[in-house]
Every structure is written in C-alpha cells, then in structure tokens.
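Have a look at entry.tsv below; it lists TSV, C-alpha atoms.
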```tsv
chain	number	residue	atom	x	y	z
A	235	MET	CA	-2.97	-10.84	-22.65
A	236	LYS	CA	-2.18	-13.84	-20.48
A	237	ARG	CA	-0.56	-12.23	-17.44
A	238	VAL	CA	-0.81	-8.74	-15.98
A	239	PHE	CA	1.47	-7.63	-13.14
A	240	LEU	CA	0.55	-4.54	-11.12
A	241	ILE	CA	3.28	-3.35	-8.75
A	242	VAL	CA	2.37	-0.69	-6.19
A	243	LEU	CA	5.32	1.30	-4.89
A	244	ASP	CA	3.65	2.07	-1.57
A	245	SER	CA	3.48	5.87	-1.08
A	246	PHE	CA	5.21	6.84	-4.34
A	247	GLY	CA	3.54	10.18	-4.96
A	248	ILE	CA	4.62	12.48	-7.78
A	249	GLY	CA	3.28	15.88	-6.77
A	250	THR	CA	0.57	17.87	-5.06
A	251	ALA	CA	-2.95	16.82	-6.03
A	252	PRO	CA	-5.63	19.44	-6.80
A	253	ASP	CA	-7.25	18.92	-3.40
A	254	SER	CA	-4.04	18.53	-1.35
A	255	ALA	CA	-4.85	21.65	0.69
A	256	ASP	CA	-8.01	19.94	1.97
A	257	PHE	CA	-5.76	17.36	3.60
A	258	GLY	CA	-3.15	19.83	4.88
A	259	ASP	CA	-0.69	18.69	2.21
A	260	ALA	CA	-0.31	21.65	-0.15
A	261	GLY	CA	3.15	21.50	-1.69
A	262	ALA	CA	3.86	17.85	-0.90
A	263	ASP	CA	5.85	16.05	-3.61
A	264	THR	CA	7.46	12.71	-2.77
A	265	LEU	CA	9.29	12.37	-6.09
A	266	ALA	CA	10.69	15.92	-5.96
A	267	SER	CA	12.03	15.34	-2.45
A	268	ILE	CA	13.86	12.12	-3.26
A	269	ARG	CA	15.22	13.39	-6.60
A	270	ARG	CA	17.39	15.79	-4.59
A	271	SER	CA	19.16	12.89	-2.90
A	272	PRO	CA	22.53	11.71	-4.27
A	273	ARG	CA	21.23	8.14	-3.83
A	274	PHE	CA	18.36	8.62	-6.27
A	275	CYS	CA	18.53	6.71	-9.54
A	276	ALA	CA	15.58	5.75	-11.73
A	277	GLU	CA	17.11	5.17	-15.15
A	278	THR	CA	14.83	2.24	-16.04
A	279	MET	CA	11.65	4.06	-15.03
A	280	GLN	CA	12.93	7.17	-16.82
A	281	LYS	CA	13.15	5.15	-20.05
A	282	LEU	CA	9.58	3.97	-19.50
A	283	GLY	CA	8.43	7.59	-19.25
A	284	LEU	CA	8.41	8.47	-15.53
A	285	PHE	CA	9.69	12.00	-16.13
A	286	ASN	CA	7.48	12.47	-19.20
A	287	ILE	CA	4.36	12.30	-17.03
A	288	ASP	CA	2.29	15.49	-16.88
A	289	GLY	CA	3.78	17.95	-14.39
A	290	ILE	CA	7.22	16.29	-14.16
A	291	ALA	CA	10.37	17.63	-15.80
A	292	GLY	CA	13.31	15.71	-17.24
A	293	GLY	CA	11.67	13.28	-19.66
A	294	VAL	CA	13.39	11.38	-22.45
A	295	SER	CA	12.68	12.07	-26.12
A	296	SER	CA	11.32	8.60	-26.93
A	297	PRO	CA	9.96	6.70	-23.91
A	298	CYS	CA	9.58	2.96	-24.40
A	299	GLY	CA	6.49	2.67	-22.18
A	300	ALA	CA	3.08	4.23	-21.73
A	301	TYR	CA	2.63	6.60	-18.83
A	302	ALA	CA	-0.01	8.62	-16.99
A	303	ARG	CA	-0.64	10.78	-13.94
A	304	MET	CA	-3.27	9.27	-11.64
A	305	THR	CA	-5.70	11.30	-9.52
A	306	GLU	CA	-7.40	9.81	-6.46
A	307	ARG	CA	-11.13	10.44	-6.21
A	308	SER	CA	-11.69	8.78	-2.84
A	309	ARG	CA	-11.73	10.96	0.24
A	310	GLY	CA	-8.62	9.58	1.82
A	311	LYS	CA	-4.88	9.26	1.46
A	312	ASP	CA	-4.15	5.88	2.91
A	313	THR	CA	-3.40	2.35	1.79
A	314	ILE	CA	-6.90	0.95	1.82
A	315	THR	CA	-8.64	3.78	-0.05
A	316	GLY	CA	-5.89	3.89	-2.67
A	317	HIS	CA	-5.83	0.15	-3.36
A	318	TRP	CA	-9.59	-0.22	-3.22
A	319	GLU	CA	-10.02	2.61	-5.71
A	320	MET	CA	-7.59	0.92	-8.11
A	321	CYS	CA	-10.03	-1.99	-8.09
A	322	GLY	CA	-13.23	0.00	-8.52
A	323	VAL	CA	-14.27	0.97	-4.97
A	324	LEU	CA	-14.67	4.71	-4.48
A	325	SER	CA	-14.72	5.83	-0.85
A	326	GLU	CA	-16.87	8.94	-1.03
A	327	ARG	CA	-16.73	9.46	2.73
A	328	PRO	CA	-13.51	9.35	4.73
A	329	MET	CA	-13.13	6.40	7.04
A	330	PRO	CA	-13.17	7.45	10.72
A	331	THR	CA	-9.96	8.77	12.24
A	332	PHE	CA	-9.17	9.48	15.87
A	333	PRO	CA	-6.65	12.32	16.13
A	334	ASN	CA	-7.21	12.56	19.91
A	335	GLY	CA	-7.09	8.83	20.56
A	336	PHE	CA	-9.92	6.31	20.80
A	337	PRO	CA	-12.93	6.95	23.06
A	338	ALA	CA	-13.23	5.18	26.40
A	339	GLU	CA	-16.27	3.24	25.19
A	340	LEU	CA	-14.22	1.52	22.48
A	341	LEU	CA	-11.16	0.99	24.70
A	342	ASP	CA	-13.30	-0.70	27.35
A	343	ARG	CA	-14.72	-3.12	24.80
A	344	LEU	CA	-11.27	-3.91	23.43
A	345	SER	CA	-9.72	-4.42	26.86
A	346	ALA	CA	-12.55	-6.73	27.90
A	347	ALA	CA	-12.16	-8.80	24.72
A	348	TRP	CA	-8.39	-9.08	25.14
A	349	GLY	CA	-8.23	-9.52	28.90
A	350	ARG	CA	-5.39	-7.01	28.94
A	351	GLY	CA	-5.01	-3.33	29.74
A	352	ILE	CA	-4.10	-0.64	27.21
A	353	LEU	CA	-1.21	1.82	26.97
A	354	CYS	CA	-0.73	5.02	24.96
A	355	ASN	CA	-3.96	5.61	22.97
A	356	LYS	CA	-2.53	8.51	20.96
A	357	PRO	CA	-1.43	9.21	17.39
A	358	TYR	CA	2.21	8.12	17.33
A	359	SER	CA	5.17	7.16	15.21
A	360	GLY	CA	5.44	3.38	15.12
A	361	THR	CA	9.11	3.34	16.08
A	362	GLN	CA	8.82	6.02	18.74
A	363	VAL	CA	5.83	4.41	20.42
A	364	ILE	CA	7.76	1.24	21.25
A	365	ALA	CA	10.68	3.32	22.49
A	366	ASP	CA	8.38	5.26	24.81
A	367	TYR	CA	6.03	2.49	25.95
A	368	GLY	CA	7.90	-0.77	25.26
A	369	ARG	CA	9.37	-1.22	28.73
A	370	GLU	CA	6.06	-0.50	30.48
A	371	HIS	CA	4.39	-3.00	28.16
A	372	ILE	CA	6.91	-5.66	29.16
A	373	GLU	CA	6.45	-4.89	32.86
A	374	THR	CA	2.64	-4.83	32.84
A	375	GLY	CA	1.58	-6.99	29.88
A	376	LYS	CA	-0.67	-4.17	28.68
A	377	LEU	CA	-0.97	-3.73	24.90
A	378	ILE	CA	0.30	-0.58	23.18
A	379	VAL	CA	-2.60	0.85	21.18
A	380	TYR	CA	-2.02	3.84	18.92
A	381	THR	CA	-3.24	5.47	15.73
A	382	SER	CA	-2.16	8.01	13.11
A	383	ALA	CA	-3.74	10.47	10.70
A	384	ASP	CA	-5.04	7.42	8.82
A	385	SER	CA	-8.04	5.28	9.71
A	386	VAL	CA	-6.04	2.71	11.66
A	387	LEU	CA	-5.92	1.07	15.07
A	388	GLN	CA	-2.44	-0.32	15.66
A	389	ILE	CA	-1.53	-2.83	18.36
A	390	ALA	CA	2.14	-3.18	19.30
A	391	ALA	CA	3.41	-6.00	21.48
A	392	HIS	CA	6.75	-7.64	22.25
A	393	GLU	CA	6.88	-11.14	20.81
A	394	ASP	CA	8.26	-12.56	24.08
A	395	ILE	CA	5.30	-11.14	25.99
A	396	VAL	CA	2.56	-11.71	23.41
A	397	PRO	CA	3.27	-14.57	20.95
A	398	ILE	CA	2.54	-13.59	17.37
A	399	ASP	CA	-0.51	-15.83	16.95
A	400	GLU	CA	-2.00	-14.35	20.11
A	401	LEU	CA	-1.41	-10.82	18.78
A	402	TYR	CA	-3.18	-11.78	15.56
A	403	ARG	CA	-6.14	-13.09	17.58
A	404	TYR	CA	-6.32	-9.77	19.43
A	405	CYS	CA	-6.38	-8.00	16.06
A	406	GLU	CA	-9.15	-10.27	14.79
A	407	ALA	CA	-11.19	-9.51	17.91
A	408	ALA	CA	-10.60	-5.79	17.39
A	409	ARG	CA	-11.65	-6.12	13.75
A	410	GLU	CA	-14.98	-7.60	14.84
A	411	ILE	CA	-15.51	-4.80	17.38
A	412	CYS	CA	-14.47	-1.93	15.10
A	413	THR	CA	-17.61	-1.53	13.00
A	414	GLY	CA	-20.25	1.15	12.50
A	415	LYS	CA	-19.04	4.50	13.82
A	416	TYR	CA	-15.80	2.74	14.75
A	417	GLY	CA	-15.42	1.20	11.28
A	418	ILE	CA	-11.68	1.83	11.10
A	419	GLY	CA	-10.08	0.93	7.78
A	420	ARG	CA	-7.37	-1.30	9.20
A	421	VAL	CA	-6.42	-2.95	12.47
A	422	ILE	CA	-2.67	-3.52	12.29
A	423	ALA	CA	-0.53	-5.95	14.27
A	424	ARG	CA	2.83	-4.30	15.08
A	425	PRO	CA	5.07	-6.89	16.76
A	426	PHE	CA	8.52	-5.94	18.06
A	427	ALA	CA	11.39	-7.78	19.71
A	428	GLY	CA	14.76	-7.51	21.43
A	429	GLU	CA	15.89	-5.30	24.27
A	430	TYR	CA	15.71	-1.53	24.44
A	431	PRO	CA	15.99	0.10	21.93
A	432	PHE	CA	13.45	-2.33	20.52
A	433	ALA	CA	13.08	-3.22	16.85
A	434	ARG	CA	9.92	-4.00	14.93
A	435	THR	CA	9.80	-7.46	13.35
A	436	PRO	CA	8.58	-8.30	9.80
A	437	ARG	CA	5.47	-10.14	11.09
A	438	ARG	CA	3.17	-7.13	10.74
A	439	ARG	CA	-0.32	-7.97	9.50
A	440	ASP	CA	-3.22	-5.76	8.44
A	441	PHE	CA	-6.82	-6.71	9.20
A	442	ALA	CA	-8.93	-4.61	6.84
A	443	LEU	CA	-12.61	-3.98	6.38
A	444	VAL	CA	-14.22	-6.14	3.71
A	445	PRO	CA	-14.79	-4.05	0.55
A	446	PRO	CA	-18.41	-2.85	0.34
A	447	HIS	CA	-19.02	-4.46	-3.05
A	448	LYS	CA	-17.30	-6.60	-5.67
A	449	THR	CA	-13.92	-5.38	-6.85
A	450	THR	CA	-11.96	-6.05	-10.03
A	451	LEU	CA	-10.34	-8.94	-8.15
A	452	ASP	CA	-13.71	-10.63	-7.58
A	453	PHE	CA	-14.67	-10.32	-11.25
A	454	LEU	CA	-11.34	-11.82	-12.34
A	455	LYS	CA	-11.63	-14.70	-9.89
A	456	ASP	CA	-15.27	-15.34	-10.86
A	457	ALA	CA	-14.14	-15.63	-14.49
A	458	GLY	CA	-11.76	-18.45	-13.52
A	459	LEU	CA	-8.57	-16.38	-13.68
A	460	GLU	CA	-5.83	-16.55	-11.10
A	461	VAL	CA	-5.49	-13.55	-8.78
A	462	ILE	CA	-2.15	-13.66	-6.98
A	463	ALA	CA	-1.60	-11.20	-4.12
A	464	VAL	CA	1.97	-10.40	-3.09
A	465	GLY	CA	2.80	-8.47	0.10
A	466	LYS	CA	-0.05	-6.94	2.08
A	467	ILE	CA	-2.54	-7.05	-0.83
A	468	GLY	CA	-4.37	-10.00	0.69
A	469	ASP	CA	-4.75	-8.14	3.98
A	470	ILE	CA	-5.98	-4.96	2.26
A	471	PHE	CA	-8.79	-6.82	0.50
A	472	ALA	CA	-9.58	-9.15	3.43
A	473	GLU	CA	-8.57	-11.99	1.06
A	474	GLN	CA	-11.66	-11.29	-1.10
A	475	GLY	CA	-11.24	-12.11	-4.80
A	476	ILE	CA	-7.81	-13.67	-4.30
A	477	THR	CA	-6.73	-17.19	-5.30
A	478	ASP	CA	-3.21	-17.14	-3.84
A	479	SER	CA	-1.84	-14.82	-1.15
A	480	ILE	CA	1.94	-14.55	-0.76
A	481	HIS	CA	3.08	-12.58	2.28
A	482	THR	CA	6.46	-10.86	2.28
A	483	SER	CA	8.88	-9.40	4.83
A	484	GLY	CA	9.74	-6.22	2.92
A	485	ASN	CA	10.80	-4.87	-0.45
A	486	ALA	CA	13.67	-7.26	-1.11
A	487	ASP	CA	11.53	-10.30	-0.33
A	488	GLY	CA	8.62	-8.87	-2.33
A	489	MET	CA	10.80	-8.27	-5.39
A	490	GLU	CA	12.29	-11.75	-5.14
A	491	LYS	CA	8.86	-13.39	-4.95
A	492	THR	CA	7.53	-11.24	-7.79
A	493	MET	CA	10.48	-12.20	-9.99
A	494	ALA	CA	9.77	-15.86	-9.22
A	495	LEU	CA	6.25	-15.41	-10.59
A	496	LEU	CA	7.73	-14.89	-14.06
A	497	ASP	CA	8.60	-18.60	-14.04
A	498	ARG	CA	5.10	-19.58	-12.91
A	499	ASP	CA	2.75	-20.53	-15.72
A	500	PHE	CA	-0.42	-18.76	-14.62
A	501	HIS	CA	-3.23	-17.02	-16.44
A	502	GLY	CA	-4.42	-13.92	-14.68
A	503	PHE	CA	-3.40	-11.04	-12.45
A	504	ALA	CA	-0.49	-10.60	-10.02
A	505	PHE	CA	-1.06	-7.67	-7.64
A	506	VAL	CA	2.07	-6.65	-5.70
A	507	ASN	CA	2.66	-4.16	-2.88
A	508	LEU	CA	6.19	-3.10	-1.92
A	509	VAL	CA	5.72	-1.55	1.49
A	510	ASP	CA	9.15	-0.33	2.59
A	511	PHE	CA	8.97	2.96	0.67
A	512	ASP	CA	6.15	3.97	3.01
A	513	MET	CA	6.72	2.05	6.23
A	514	VAL	CA	10.49	2.27	6.51
A	515	TYR	CA	11.33	5.54	4.74
A	516	GLY	CA	8.32	7.76	4.09
A	517	HIS	CA	6.86	7.85	7.59
A	518	ARG	CA	10.33	8.22	9.08
A	519	ARG	CA	11.02	11.14	6.72
A	520	ASP	CA	14.20	9.48	5.48
A	521	ILE	CA	14.87	11.12	2.12
A	522	ASP	CA	18.11	9.28	1.34
A	523	GLY	CA	16.65	5.94	2.44
A	524	TYR	CA	13.62	6.41	0.21
A	525	ALA	CA	15.81	7.46	-2.72
A	526	GLY	CA	18.03	4.42	-2.22
A	527	ALA	CA	15.00	2.12	-2.11
A	528	ILE	CA	13.77	3.55	-5.43
A	529	ALA	CA	17.23	2.99	-6.92
A	530	ALA	CA	17.20	-0.63	-5.73
A	531	PHE	CA	13.76	-1.20	-7.24
A	532	ASP	CA	14.79	0.45	-10.49
A	533	LYS	CA	17.81	-1.82	-10.79
A	534	TRP	CA	15.64	-4.88	-10.10
A	535	LEU	CA	13.09	-3.64	-12.63
A	536	GLY	CA	15.58	-3.90	-15.47
A	537	GLY	CA	15.95	-7.61	-14.83
A	538	PHE	CA	12.20	-8.11	-14.53
A	539	LEU	CA	11.53	-6.39	-17.87
A	540	ALA	CA	14.20	-8.48	-19.58
A	541	ASN	CA	12.48	-11.71	-18.50
A	542	MET	CA	8.87	-10.82	-19.30
A	543	ARG	CA	7.05	-12.94	-21.87
A	544	GLU	CA	5.48	-11.74	-25.11
A	545	ASP	CA	1.98	-11.79	-23.62
A	546	ASP	CA	2.87	-10.14	-20.28
A	547	LEU	CA	1.96	-6.62	-19.22
A	548	LEU	CA	3.57	-4.73	-16.33
A	549	LEU	CA	1.91	-1.77	-14.60
A	550	ILE	CA	3.67	0.30	-11.92
A	551	THR	CA	1.88	2.82	-9.71
A	552	GLY	CA	1.55	4.24	-6.18
A	553	ASP	CA	-1.36	4.32	-3.73
A	554	HIS	CA	-0.81	7.78	-2.15
A	555	GLY	CA	2.14	9.95	-1.19
A	556	CYS	CA	4.36	10.01	1.90
A	557	ASP	CA	6.74	12.88	1.15
A	558	PRO	CA	9.88	12.37	3.27
A	559	GLY	CA	10.69	16.06	2.85
A	560	PHE	CA	7.31	17.21	4.19
A	561	SER	CA	6.36	18.14	7.75
A	562	GLY	CA	4.97	15.55	10.14
A	563	THR	CA	5.10	11.79	9.68
A	564	ASP	CA	1.86	11.04	7.85
A	565	HIS	CA	0.82	10.24	4.29
A	566	THR	CA	0.48	13.10	1.81
A	567	ARG	CA	-2.29	13.66	-0.75
A	568	GLU	CA	-0.59	13.49	-4.15
A	569	TYR	CA	-0.89	12.38	-7.73
A	570	THR	CA	0.65	8.97	-8.39
A	571	PRO	CA	2.38	7.64	-11.52
A	572	LEU	CA	1.31	4.91	-13.89
A	573	LEU	CA	3.95	3.24	-16.04
A	574	ALA	CA	3.11	0.43	-18.46
A	575	ALA	CA	5.60	-1.89	-20.16
A	576	GLY	CA	5.44	-4.98	-22.32
A	577	ALA	CA	5.91	-6.19	-25.87
A	578	LYS	CA	2.36	-5.15	-26.80
A	579	VAL	CA	2.43	-1.71	-25.16
A	580	ARG	CA	2.24	1.32	-27.44
A	581	PRO	CA	4.43	4.13	-26.00
A	582	ALA	CA	2.13	7.06	-25.30
A	583	ASN	CA	1.18	9.75	-22.82
A	584	LEU	CA	-2.14	8.59	-21.36
A	585	GLY	CA	-2.61	12.00	-19.76
A	586	THR	CA	-3.91	12.88	-16.32
A	587	ARG	CA	-6.53	10.34	-15.30
A	588	THR	CA	-9.48	11.26	-13.10
A	589	SER	CA	-9.41	8.15	-10.91
A	590	PHE	CA	-7.16	5.33	-9.76
A	591	ALA	CA	-10.11	3.14	-10.82
A	592	ASP	CA	-8.96	3.44	-14.44
A	593	ILE	CA	-6.32	0.84	-13.55
A	594	GLY	CA	-8.81	-1.83	-12.48
A	595	ALA	CA	-11.10	-1.04	-15.40
A	596	THR	CA	-8.16	-1.54	-17.76
A	597	VAL	CA	-7.13	-4.85	-16.19
A	598	ALA	CA	-10.71	-6.14	-16.42
A	599	ASP	CA	-10.93	-5.03	-20.05
A	600	LEU	CA	-7.65	-6.75	-20.91
A	601	PHE	CA	-9.13	-10.02	-19.67
A	602	ASP	CA	-12.58	-9.29	-21.13
A	603	VAL	CA	-14.40	-9.56	-17.80
A	604	PRO	CA	-16.92	-7.17	-16.20
A	605	HIS	CA	-15.69	-4.55	-13.77
A	606	PRO	CA	-17.23	-2.14	-11.23
A	607	LEU	CA	-18.81	0.97	-12.73
A	608	ALA	CA	-15.99	3.20	-11.49
A	609	GLY	CA	-13.12	3.84	-13.87
A	610	GLU	CA	-12.50	4.08	-17.60
A	611	SER	CA	-10.43	1.50	-19.45
A	612	MET	CA	-7.18	2.60	-21.11
A	613	LYS	CA	-6.88	-0.60	-23.14
A	614	GLU	CA	-7.36	0.97	-26.57
A	615	GLU	CA	-4.77	3.69	-25.87
A	616	LEU	CA	-2.38	1.28	-24.16
A	617	LEU	CA	-1.96	-1.50	-26.71
```

How does the structure come out when it is put into structure tokens?
Amino acid sequence: MKRVFLIVLDSFGIGTAPDSADFGDAGADTLASIRRSPRFCAETMQKLGLFNIDGIAGGVSSPCGAYARMTERSRGKDTITGHWEMCGVLSERPMPTFPNGFPAELLDRLSAAWGRGILCNKPYSGTQVIADYGREHIETGKLIVYTSADSVLQIAAHEDIVPIDELYRYCEAAREICTGKYGIGRVIARPFAGEYPFARTPRRRDFALVPPHKTTLDFLKDAGLEVIAVGKIGDIFAEQGITDSIHTSGNADGMEKTMALLDRDFHGFAFVNLVDFDMVYGHRRDIDGYAGAIAAFDKWLGGFLANMREDDLLLITGDHGCDPGFSGTDHTREYTPLLAAGAKVRPANLGTRTSFADIGATVADLFDVPHPLAGESMKEELL
C-alpha cells in the first residue's frame, strides 16, 4: 500500500454507545436524526456498506467496501480524545472540564498574561456568545472567554479589535498556562468580524496538549513516510508526527484540498478532518444542514473514489457524535462508522470494534511500522 487516506467526518456518530448514559447521552443517534431529513442522501457510502454496519438498518445486498462499528474506549467525547485514540493514545481519565466557568485563580493568570480583561466565563454556544458579549468586547477590549461540556477554553475576539496574530499569541500564552489541574485539552481561537449580528470567521485555530506518548503518526514519520494533515489535524496533534500541515476553511475547502492530494505523488498517510458537520451543524442542532452536508460529501466521495490509484486505500470514520436531534448543544457519546474502499479492499463486515485505536494499528500494519500498544490491526480482514 503506497497511500492511505483517513477522512474524519467530524461528529458523525451512528448510534448510542454502551456507556452513553454515563455521559448523559442515552438515545443519541446522529445518523438516525439526519436520515429523517429530506436533504439526506448517502448513496455512495451506502454502496460501501454504511447501512450494513452492526445496528444500522437499510443495507445493500453486496457492499463494495469493508465496514465496521467503532467503539471509543477513552473517557471523553470530544475531538482530541477521539483523534488521539485513533492513533493509539487512550485517555483513561477525562480531561478537566469547567461546567461552572474557570476559577478566579486561572482567570487572573490569563488576564495578567494577556494584559486584557475577561468577559463571560461560562459554558456557551459559540454563535450566541458573540451575540451576547460582542458589543461589550468591542467597547472595552476585554476578551470573551467561554467553555463547553468539552475540555476547552475558547477565546473569541473581533478581528478589528484583536488582530488574528495577536489572538493566536494569546492562545499560545493560555496553552502554556493551562497545565496540571488546568490541563485543558484545547485552547481555541474563535475570531469574528463585521457588525452586529457578528459572524465567526474561518481563521479558528486549536492549540492542543501534546500527546503523552508517541502516536501512529510519529511511527510513520520516523519510518520516513509522509504524514499529511488536512484541516485541524495538525492542531489536534500539536504538529507532532506530521510532515505537512494543510489548514482549511471548512468542508468545501477541505474536500478540494484532499482531492488535490490524489495528484500528489507521495508515499504515506493523509489524515483529513472535515469540521463543518460538527462546528456548523451539530452544535447548532441543524438537522437539515447536517443532512445536506453529508449529501455534499457523499457526492464528492464518488469523484474521489473514481480517481484513486490501484495502491490507494481510503478510510472514512467519525471522532464522536453531535446529534442535531438531541437536547443541548454538546457532543454526544456514540459509536462511529468505519468504511474502507480501494482496489485491494475485500468487502466484509469487520464487526463492532472495541477501540478507535484499531484504525491506527491497521494503518501502521499496512506500512509495516511499529505502533502504540493500543489497538488491533484489521489488515488481514481488510485486504
């Protein structure tokens, strides 16, 4: 295998996980919610075996891909734990969350480092927080700091008040401060622009913790293979184990840049995150928008498959759920899909896997490099 592409449909869950109740998510099912929308269409993924996956109805008689249902072992339901687990890092303990806002001790350290005051300090919707605090931010120059059910510290600022490079510096300072008991998974820059009602811009950046040990990406890079990160993958892994990081402005841009990689003669792994499913539709509980985004991806996917080379492999998965038909605005603890396609793939049901780490173990095995102890390779069943 010369090239492996792994595309993460951010938040594409396919049904309640066994421990969903522990996270307050019993009954959540992202796929079931969007299938009810008239905008939903997934004909290409259906042919690959999406609806043949364990627990899903409506499969085809002879899928052309391999497919599996993935179970997350890490104690979390966010971007960083999901992606890290795919690459062999199991987060046995949840990263710290702050459902009542951040403590004064941390806020004082952040404010001193930034030289600016702080607004909000509550769990909040990213679009609503700029509606409620944007004008005060412009008047005072204070930064809007908020969180969610995930282990995140988010900093929103108007680009005319805080230039984007300055906002990134504030995030880097926060990343250095947020360690130990405040070891938040991600510090996120959330720039916005315009006049009220304000709009977020595509210059979001995530500043993540460094993984606690080597991941599949490190082993691939150490073996001399290319590791190309598309979207926020580079941010999620703090650029560790990556040879080329390509940032994107959303799904359309991410799909365009991923398609362009088919013309690039590389040997190694392309790791792609398409974020709009989660950021634009899941958190905003927009069922039709999410369904339409899946339909757009599915249409694009047909063209991608048609242009793959003989020695290419495509894997498609999700990192958690974000059921747009569920209560609240947060991620949901769900199973995720795995679809595999390529000339060398043997169509088969790979069952219900016990960890997302099986993906990274498989990628490492395909390239004959070591991998973290977590995960079991599916190579022999897949090819």

Min atom-atom distance to A:Phe601 from the set A:Cys354, A:Met235, A:Val242, A:Ile389, counting all atoms listed in the file, belongs to A:Met235

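With only C-alpha atoms as the basis for measurement, A:Gly322 is the residue among A:Gly552, A:Gly322, A:Pro397, A:Gly523 that approaches A:Leu607 most closely.
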
To one decimal place in Å, what is the distance between atom CA of A:Ala442 and atom CA of A:Ser245?
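One can read the atom CA of A:Ala442 to atom CA of A:Ser245 distance as 18.1 Å.
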
Near A:Leu508, counting all atoms listed in the file, which residues have an atom at most 10 Å away, once you skip same-chain residues fewer than 3 positions from it, shown as JSON, numbers by chain?
{"A": [241, 242, 243, 244, 245, 464, 465, 466, 467, 482, 483, 484, 485, 486, 487, 488, 489, 511, 512, 513, 531, 552]}

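Distance check against A:Asp602 using all atoms listed in the file: of A:Pro558, A:Pro436, A:Gly458, A:Gly249, the minimum falls on A:Gly458.
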
Each residue of stretch 463-548 of chain A with at least one atom at most 8 Å from stretch 276-300 of chain A should appear once, together with its nearest atom pair and the corresponding distance in Å (one decimal); atoms considered: only C-alpha atoms; ordering: chain, then increasing residue number; output as CSV.
```
residue,atom,partner,partner_atom,distance
A:Ile528,CA,A:Ala276,CA,6.9
A:Ala529,CA,A:Ala276,CA,5.8
A:Asp532,CA,A:Ala276,CA,5.5
A:Lys533,CA,A:Thr278,CA,7.3
A:Leu535,CA,A:Thr278,CA,7.0
A:Gly536,CA,A:Thr278,CA,6.2
```

When you draw a straight line from atom CA of A:Ser254 to atom CA of A:Ser385, how long is it in Å?
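Interatomic distance, atom CA of A:Ser254 to atom CA of A:Ser385: 17.7 Å.
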
Residues near A:Tyr380, cut-off 7 Å, all atoms listed in the file, skip fewer than 6 positions along chain, as number ranges by chain:
A: 354-358, 387-389

A:Lys236 surroundings by all atoms listed in the file, 8 Å radius, close-in-sequence under 2 positions cut, as a list of chain:residue names:
A:Val238, A:Phe500, A:His501, A:Gly502, A:Asp545, A:Asp546, A:Phe601

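In terms of minimum interatomic distance to A:Leu547, A:Lys613 ranks closest within A:Pro252, A:Lys613, A:Ala527, A:Asp510, counting all atoms listed in the file.
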
Using only C-alpha atoms, can you tell me which of A:Gly516, A:Asp522, A:Tyr430, A:Thr450 comes closest to A:Gly555?
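Checking each candidate against A:Gly555, we get A:Gly516 as the closest.
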
Hey, which of A:Ala591, A:Leu454, A:Ala408, A:Ala574 ends up closest to A:Val603? Count all atoms listed in the file.
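When distances to A:Val603 are compared using all atoms listed in the file, the smallest one comes from A:Leu454.
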
Using Å and a single decimal, report how far atom CA of A:Tyr404 sits from atom CA of A:Arg343.
12.0 Å

Take every atom of stretch 451-461 of chain A listed in the file, pad by 5 Å on each side, and give me the axis-aligned box centre and edge lengths in Å, one decimal, as JSON.
```
{"center_x": -10.4, "center_y": -13.7, "center_z": -11.0, "size_x": 19.8, "size_y": 19.5, "size_z": 16.9}
```

Could you pull the residues within 10 Å of stretch 309-319 of chain A, counting all atoms listed in the file, minus those fewer than 3 positions along the same chain, as a PyMOL selection string?
chain A and resi 242+244-245+253-254+256-257+306+322-329+383-386+419-420+442-443+445-446+449-450+466-467+469-471+507+509+512+552-556+564-568+589-594+608-609

Find the residues near A:Ala365: any atom within 8 Å, counting only C-alpha atoms, skip ones fewer than 3 places away on the same chain, and give them as number ranges by chain.
A: 361-362, 368-369, 430-432

Closest atom pairs, residues of stretch 412-458 of chain A within 12 Å of stretch 333-337 of chain A, all atoms listed in the file, as a tab-separated table:
```
residue	atom	partner	partner_atom	distance
A:Cys412	CA	A:Phe336	CA	11.0
A:Lys415	CA	A:Pro337	CA	11.3
A:Tyr416	CA	A:Phe336	CA	9.2
A:Ile418	CA	A:Phe336	CA	10.8
```

Write a file of the selected residues as a PDB file, keeping the file's coordinate frame, keeping C-alpha atoms.
```
ATOM      1  CA  CYS A 412     -14.470  -1.930  15.100  1.00  0.00           C
ATOM      2  CA  LYS A 415     -19.040   4.500  13.820  1.00  0.00           C
ATOM      3  CA  TYR A 416     -15.800   2.740  14.750  1.00  0.00           C
ATOM      4  CA  ILE A 418     -11.680   1.830  11.100  1.00  0.00           C
TER       5      ILE A 418
END
```
